[in-house]
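What follows is the content of final04.cif (mmCIF, C-alpha atoms and all ligand atoms).
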```
data_structure
loop_
_atom_site.label_atom_id
_atom_site.label_comp_id
_atom_site.auth_asym_id
_atom_site.auth_seq_id
_atom_site.Cartn_x
_atom_site.Cartn_y
_atom_site.Cartn_z
CA MET A 17 0.00 0.00 0.00
CA TYR A 18 1.12 3.54 -0.68
CA ASP A 19 -0.04 7.05 0.18
CA LEU A 20 1.53 9.84 -1.84
CA HIS A 21 -0.10 12.83 -0.16
CA THR A 22 0.16 13.50 3.58
CA HIS A 23 0.81 16.42 5.93
CA THR A 24 2.61 16.79 9.26
CA ILE A 25 3.20 19.54 11.83
CA LEU A 26 5.74 20.91 9.35
CA SER A 27 2.67 22.53 7.72
CA ASP A 28 -0.94 22.09 8.85
CA GLY A 29 -0.95 18.43 9.86
CA GLU A 30 -1.23 17.16 13.42
CA LEU A 31 1.55 14.58 13.61
CA LEU A 32 5.31 14.64 13.67
CA PRO A 33 6.74 12.96 10.58
CA THR A 34 7.90 9.99 12.64
CA GLU A 35 4.50 9.37 14.22
CA LEU A 36 2.85 9.59 10.81
CA VAL A 37 5.31 7.01 9.47
CA ARG A 38 4.73 4.74 12.47
CA ARG A 39 0.96 4.89 12.13
CA ALA A 40 1.21 4.17 8.42
CA ALA A 41 3.49 1.20 9.08
CA VAL A 42 0.99 -0.27 11.54
CA LEU A 43 -1.78 0.05 8.94
CA GLY A 44 0.35 -1.88 6.44
CA TYR A 45 1.74 0.83 4.21
CA ASP A 46 4.93 0.05 2.29
CA THR A 47 5.42 3.52 0.82
CA LEU A 48 4.57 6.88 2.31
CA ALA A 49 5.18 10.31 0.83
CA ILE A 50 5.26 13.25 3.22
CA THR A 51 4.15 16.22 1.17
CA ASP A 52 3.68 19.26 3.34
CA HIS A 53 2.31 22.49 1.89
CA ALA A 54 5.14 24.37 0.22
CA ASP A 55 5.78 27.67 -1.46
CA ALA A 56 8.97 29.65 -1.99
CA SER A 57 9.11 30.55 1.72
CA ASN A 58 9.51 27.07 3.18
CA LEU A 59 10.37 24.58 0.44
CA ALA A 60 14.06 24.18 1.27
CA GLY A 61 13.44 23.63 4.98
CA LEU A 62 10.70 21.08 4.33
CA VAL A 63 12.85 18.93 2.08
CA GLU A 64 15.69 19.00 4.56
CA SER A 65 13.49 18.31 7.60
CA VAL A 66 11.63 15.36 6.13
CA ALA A 67 14.86 13.82 4.85
CA GLY A 68 15.93 13.77 8.51
CA VAL A 69 13.51 10.94 9.31
CA ARG A 70 14.61 8.56 6.53
CA ASP A 71 16.37 6.32 9.08
CA SER A 72 13.30 6.21 11.31
CA ALA A 73 11.12 5.22 8.36
CA GLU A 74 13.55 2.47 7.46
CA CYS A 75 13.40 1.14 11.04
CA TYR A 76 9.63 0.90 10.71
CA GLY A 77 9.81 -0.79 7.31
CA VAL A 78 8.32 2.07 5.32
CA GLU A 79 9.82 3.51 2.18
CA LEU A 80 9.70 7.24 2.84
CA LEU A 81 9.36 9.57 -0.12
CA VAL A 82 10.49 13.06 0.73
CA GLY A 83 8.04 15.39 -0.94
CA VAL A 84 6.28 18.71 -1.09
CA GLU A 85 2.85 19.83 -2.14
CA LEU A 86 3.21 23.10 -4.05
CA THR A 87 0.19 24.95 -2.73
CA HIS A 88 -1.41 28.08 -4.22
CA VAL A 89 1.84 28.84 -6.04
CA PRO A 90 1.13 31.09 -9.07
CA PRO A 91 0.97 28.81 -12.12
CA SER A 92 3.83 30.62 -13.91
CA LEU A 93 6.13 29.95 -10.93
CA ILE A 94 5.30 26.25 -10.54
CA PRO A 95 7.95 24.91 -12.98
CA ALA A 96 10.88 26.67 -11.29
CA LEU A 97 9.76 25.73 -7.79
CA ALA A 98 9.11 22.08 -8.75
CA ARG A 99 12.58 21.94 -10.28
CA ASP A 100 14.06 23.49 -7.14
CA ALA A 101 12.37 20.85 -4.97
CA LYS A 102 13.90 18.03 -7.02
CA ARG A 103 17.27 19.73 -7.10
CA ARG A 104 17.21 19.90 -3.28
CA GLY A 105 16.57 16.18 -3.09
CA ALA A 106 12.79 15.77 -3.05
CA ASP A 107 11.70 12.35 -4.28
CA ILE A 108 8.24 13.49 -5.24
CA VAL A 109 6.52 16.75 -6.14
CA VAL A 110 2.77 17.02 -5.75
CA VAL A 111 0.83 20.07 -6.94
CA HIS A 112 -2.28 21.23 -5.07
CA GLY A 113 -4.71 21.14 -7.97
CA GLU A 114 -7.80 23.14 -8.80
CA THR A 115 -10.10 21.69 -6.13
CA VAL A 116 -13.61 23.15 -6.20
CA VAL A 117 -13.49 24.03 -2.50
CA GLU A 118 -10.59 26.52 -2.59
CA PRO A 119 -9.78 29.51 -4.81
CA VAL A 120 -6.82 27.80 -6.51
CA ALA A 121 -5.55 29.94 -9.40
CA PRO A 122 -6.90 28.88 -12.82
CA GLY A 123 -4.04 27.44 -14.85
CA THR A 124 -2.62 25.50 -11.91
CA ASN A 125 -3.70 22.14 -13.37
CA HIS A 126 -2.21 23.04 -16.75
CA ALA A 127 1.08 24.21 -15.21
CA ALA A 128 1.35 20.96 -13.24
CA CYS A 129 0.52 18.70 -16.18
CA THR A 130 3.08 20.37 -18.43
CA CYS A 131 5.91 20.40 -15.87
CA GLU A 132 8.44 17.59 -16.08
CA TYR A 133 9.27 17.85 -12.37
CA VAL A 134 5.71 17.24 -11.15
CA ASP A 135 4.71 13.67 -10.28
CA VAL A 136 1.14 13.90 -8.96
CA LEU A 137 -1.62 16.45 -9.49
CA ALA A 138 -3.67 16.34 -6.29
CA HIS A 139 -7.45 16.87 -6.24
CA PRO A 140 -7.58 18.36 -9.78
CA GLY A 141 -11.24 19.39 -9.59
CA PHE A 142 -12.83 19.75 -13.02
CA ILE A 143 -9.61 19.03 -14.90
CA GLU A 144 -9.86 19.34 -18.66
CA VAL A 145 -9.23 16.31 -20.82
CA GLU A 146 -6.51 18.15 -22.78
CA ASP A 147 -4.48 18.58 -19.61
CA ALA A 148 -5.09 14.95 -18.63
CA ARG A 149 -3.78 13.88 -22.05
CA ILE A 150 -0.56 15.81 -21.45
CA ALA A 151 -0.29 14.20 -18.00
CA ALA A 152 -0.81 10.77 -19.57
CA GLU A 153 1.94 11.37 -22.14
CA ARG A 154 4.30 12.41 -19.36
CA GLY A 155 3.42 9.45 -17.13
CA MET A 156 2.37 11.57 -14.20
CA ALA A 157 -0.66 10.70 -12.10
CA LEU A 158 -3.93 12.38 -11.26
CA GLU A 159 -5.25 11.87 -7.77
CA ILE A 160 -8.41 10.33 -6.41
CA THR A 161 -8.76 11.62 -2.86
CA SER A 162 -10.59 10.56 0.27
CA ARG A 163 -10.48 14.09 1.65
CA GLY A 164 -13.88 15.68 2.29
CA GLY A 165 -14.58 18.54 -0.11
CA HIS A 166 -11.74 17.75 -2.49
CA ASN A 167 -13.40 14.39 -3.16
CA ARG A 168 -16.50 15.95 -4.76
CA THR A 169 -14.96 15.73 -8.22
CA ASN A 170 -13.48 12.21 -7.97
CA GLY A 171 -16.06 10.93 -10.45
CA HIS A 172 -15.10 13.58 -13.00
CA VAL A 173 -11.40 12.86 -12.51
CA VAL A 174 -11.99 9.15 -13.15
CA ARG A 175 -13.95 9.85 -16.33
CA VAL A 176 -11.32 12.22 -17.70
CA ALA A 177 -8.41 9.97 -16.71
CA ARG A 178 -10.08 7.03 -18.43
CA GLU A 179 -10.59 9.06 -21.61
CA ALA A 180 -7.00 10.33 -21.56
CA GLY A 181 -5.39 7.06 -20.48
CA CYS A 182 -3.94 8.68 -17.38
CA LEU A 183 -2.52 6.97 -14.29
CA LEU A 184 -4.49 7.44 -11.07
CA THR A 185 -3.34 7.40 -7.45
CA VAL A 186 -5.59 6.97 -4.42
CA ASP A 187 -4.37 9.21 -1.61
CA SER A 188 -5.64 10.41 1.76
CA ASP A 189 -4.29 13.98 2.02
CA THR A 190 -3.89 13.07 5.70
CA HIS A 191 -3.83 15.94 8.19
CA ALA A 192 -5.05 14.06 11.30
CA PRO A 193 -4.33 10.49 12.45
CA SER A 194 -7.85 9.33 11.59
CA ASP A 195 -7.36 10.41 7.95
CA LEU A 196 -5.00 7.54 7.14
CA MET A 197 -6.96 4.90 5.23
CA SER A 198 -7.23 1.21 5.97
CA LYS A 199 -6.92 -1.24 3.10
CA GLU A 200 -10.71 -1.48 2.97
CA ALA A 201 -11.14 2.29 2.98
CA ARG A 202 -8.76 2.71 0.03
CA ARG A 203 -10.75 0.17 -1.94
CA ALA A 204 -14.02 1.92 -1.07
CA VAL A 205 -12.64 5.28 -2.23
CA ALA A 206 -11.46 3.78 -5.53
CA LEU A 207 -14.70 1.94 -6.26
CA GLY A 208 -16.79 4.82 -4.94
CA ALA A 209 -15.09 7.16 -7.40
CA GLY A 210 -16.44 4.99 -10.19
CA LEU A 211 -13.45 2.80 -10.99
CA THR A 212 -14.17 -0.79 -12.03
CA GLU A 213 -12.67 -3.64 -9.99
CA ALA A 214 -9.83 -3.97 -12.50
CA GLU A 215 -9.18 -0.23 -12.62
CA SER A 216 -9.25 -0.10 -8.80
CA ARG A 217 -6.62 -2.80 -8.53
CA LYS A 218 -4.44 -0.97 -11.04
CA ALA A 219 -4.72 2.29 -9.06
CA LEU A 220 -4.42 0.78 -5.58
CA PHE A 221 -1.38 -1.36 -6.43
CA LEU A 222 0.27 1.16 -8.72
CA ASP A 223 4.01 0.74 -9.12
CA ILE A 224 5.10 4.09 -7.76
CA ASN A 225 8.37 3.92 -9.66
CA ARG A 226 6.37 4.22 -12.85
CA ILE A 227 5.48 7.74 -11.79
CA LEU A 228 8.78 8.71 -10.22
CA GLN A 229 11.04 7.41 -13.01
CA LYS A 230 8.99 8.74 -15.90
ZN ZN A 301 -3.50 21.18 4.41
ZN ZN A 302 -2.59 18.25 0.67
#
```
How does the structure come out when it is put into structure tokens?
Amino acid sequence: MYDLHTHTILSDGELLPTELVRRAAVLGYDTLAITDHADASNLAGLVESVAGVRDSAECYGVELLVGVELTHVPPSLIPALARDAKRRGADIVVVHGETVVEPVAPGTNHAACTCEYVDVLAHPGFIEVEDARIAAERGMALEITSRGGHNRTNGHVVRVAREAGCLLTVDSDTHAPSDLMSKEARRAVALGAGLTEAESRKALFLDINRILQK
């Protein structure tokens, strides 16, 4: 099991990185990305801080992906900041997509889908199929989310991803301990978003390296 979108006290989450990793390990996760909210003010510190718990994650048997979620960054500045994150050693860059419950700047989805340093577009709201096609060509993933509010458009995201042939991830966007999903909850989110059994399996057991080594 993987979760590619989680938050800690390094931004607006409730848990220390190590406790988040421990709780994920107990639930059976193999791979966990810590992707705190980032902009130009805090990106460098986040990458450095999360990298500091790599040893702890290894002790608990979890592959830790050091990440950031570029959040409300102006679309024109996303490419440079995503590149900076990777250059500083981030394993994964998530972009906070155009969810319908926040005033995310129009063009954010497009900037993420066209940027070679972005791996996952989180909660992309009413993403357009043209952008999903670009994402598909690049091998990046669109996100199905369990998070209340952001999850309103999961059905649309599934339809567009299917049409574009895009990879999908199923993530929690965890902020509090109770947000981490059990195996059953992940399956319910995937099927509830409208994926077939076969599509659900593909999304839930996605080889993360396919996204990261695109
Ligand atoms: Zn948050
Ligand atoms: Zn998030």
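Counting all atoms listed in the file, the residue from A:Glu153, A:Asp223, A:Thr161, A:Val120 that sits nearest to Arg203 in chain A is A:Thr161.
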For ligand ZN 302 (chain A), return the neighbouring residues as an MDAnalysis selection string (distance at most 7 Å; only C-alpha atoms and all ligand atoms). chainID A and resid 21:23 52:53 85 112 189
Residues at most 8 Å from range 170-174 of chain A, counting only C-alpha atoms, excluding those fewer than 6 positions away in the same chain, as a ChimeraX atom specification? /A:139-143,158-161,184,209-211
Please extract the residues at most 12 Å from ligand ZN 301 (chain A), counting only C-alpha atoms and all ligand atoms, and provide them as a PyMOL selection string, using the chain letters and residue numbers of this document. chain A and resi 21-30+50-54+84-88+112+118+138+163-164+166+188-192+195
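Comparing the minimum interatomic distances between Arg104 in chain A and each of A:Ala128, A:Val63, A:Leu31, A:Leu43, counting all atoms listed in the file, we find that A:Val63 sits nearest.
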Using only C-alpha atoms, which of A:Ala206, A:Val109, A:Val116, A:Met17 sits nearest Leu97 in chain A?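 The answer is A:Val109, which sits nearest to Leu97 in chain A.
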Separation of CA of Leu81 in chain A from CA of Glu132 in chain A, in Å and rounded to one decimal: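 It comes out at 17.9 Å.
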Residues near Val136 in chain A, anyone? I mean within 6 Å using all atoms listed in the file, not counting same-chain ones fewer than 6 positions away, as a PDB file with C-alpha atoms, in the frame of the given file.
```pdb
ATOM      1  CA  VAL A 110       2.770  17.020  -5.750  1.00  0.00           C
ATOM      2  CA  MET A 156       2.370  11.570 -14.200  1.00  0.00           C
ATOM      3  CA  ALA A 157      -0.660  10.700 -12.100  1.00  0.00           C
ATOM      4  CA  LEU A 158      -3.930  12.380 -11.260  1.00  0.00           C
TER       5      LEU A 158
END
```
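The nearest approach to Asp46 in chain A among the residues A:Arg149, A:Lys199, A:Arg217, A:Arg226, with all atoms listed in the file taken into account, belongs to A:Lys199.
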From A:Glu215, A:Val186, A:Arg99, A:Gly155, residue lying nearest Arg202 in chain A [only C-alpha atoms]: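 Closest to Arg202 in chain A of all the choices is A:Val186.
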Here's a test: counting all atoms listed in the file, identify every protein, DNA and RNA residue with an atom at most 7 Å from (9.5, 11.8, 12.8) in the file's coordinate frame, and state them as a VMD selection string. chain A and resid 32 to 35 69 72
Could you dump the residues just selected with C-alpha atoms as a PDB file, in the coordinates of the input?
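Final file, out11.pdb:
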```
ATOM      1  CA  LEU A  32       5.310  14.640  13.670  1.00  0.00           C
ATOM      2  CA  PRO A  33       6.740  12.960  10.580  1.00  0.00           C
ATOM      3  CA  THR A  34       7.900   9.990  12.640  1.00  0.00           C
ATOM      4  CA  GLU A  35       4.500   9.370  14.220  1.00  0.00           C
ATOM      5  CA  VAL A  69      13.510  10.940   9.310  1.00  0.00           C
ATOM      6  CA  SER A  72      13.300   6.210  11.310  1.00  0.00           C
TER       7      SER A  72
END
```
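Here CA of Ala177 in chain A is placed at a distance of 17.2 Å from CA of Ala127 in chain A.
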Please measure the separation of CA of Lys218 in chain A and CA of Thr185 in chain A, giving the value in Å to one decimal.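 Taking CA of Lys218 in chain A and CA of Thr185 in chain A, their separation equals 9.2 Å.
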Hey, which of A:Glu179, A:Asp107, A:Glu144, A:Asp100 ends up closest to Ala56 in chain A? Count all atoms listed in the file.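 Looking only at the distances to Ala56 in chain A, the closest residue turns out to be A:Asp100.
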Where's the centre, and what are the edge lengths in Å to one decimal, of a box along x, y and z enclosing all listed atoms of range 174-191 of chain A padded 6 Å per side, as lines of an AutoDock Vina configuration file?
```
center_x = -8.2
center_y = 11.5
center_z = -6.7
size_x = 23.4
size_y = 21.0
size_z = 41.8
```
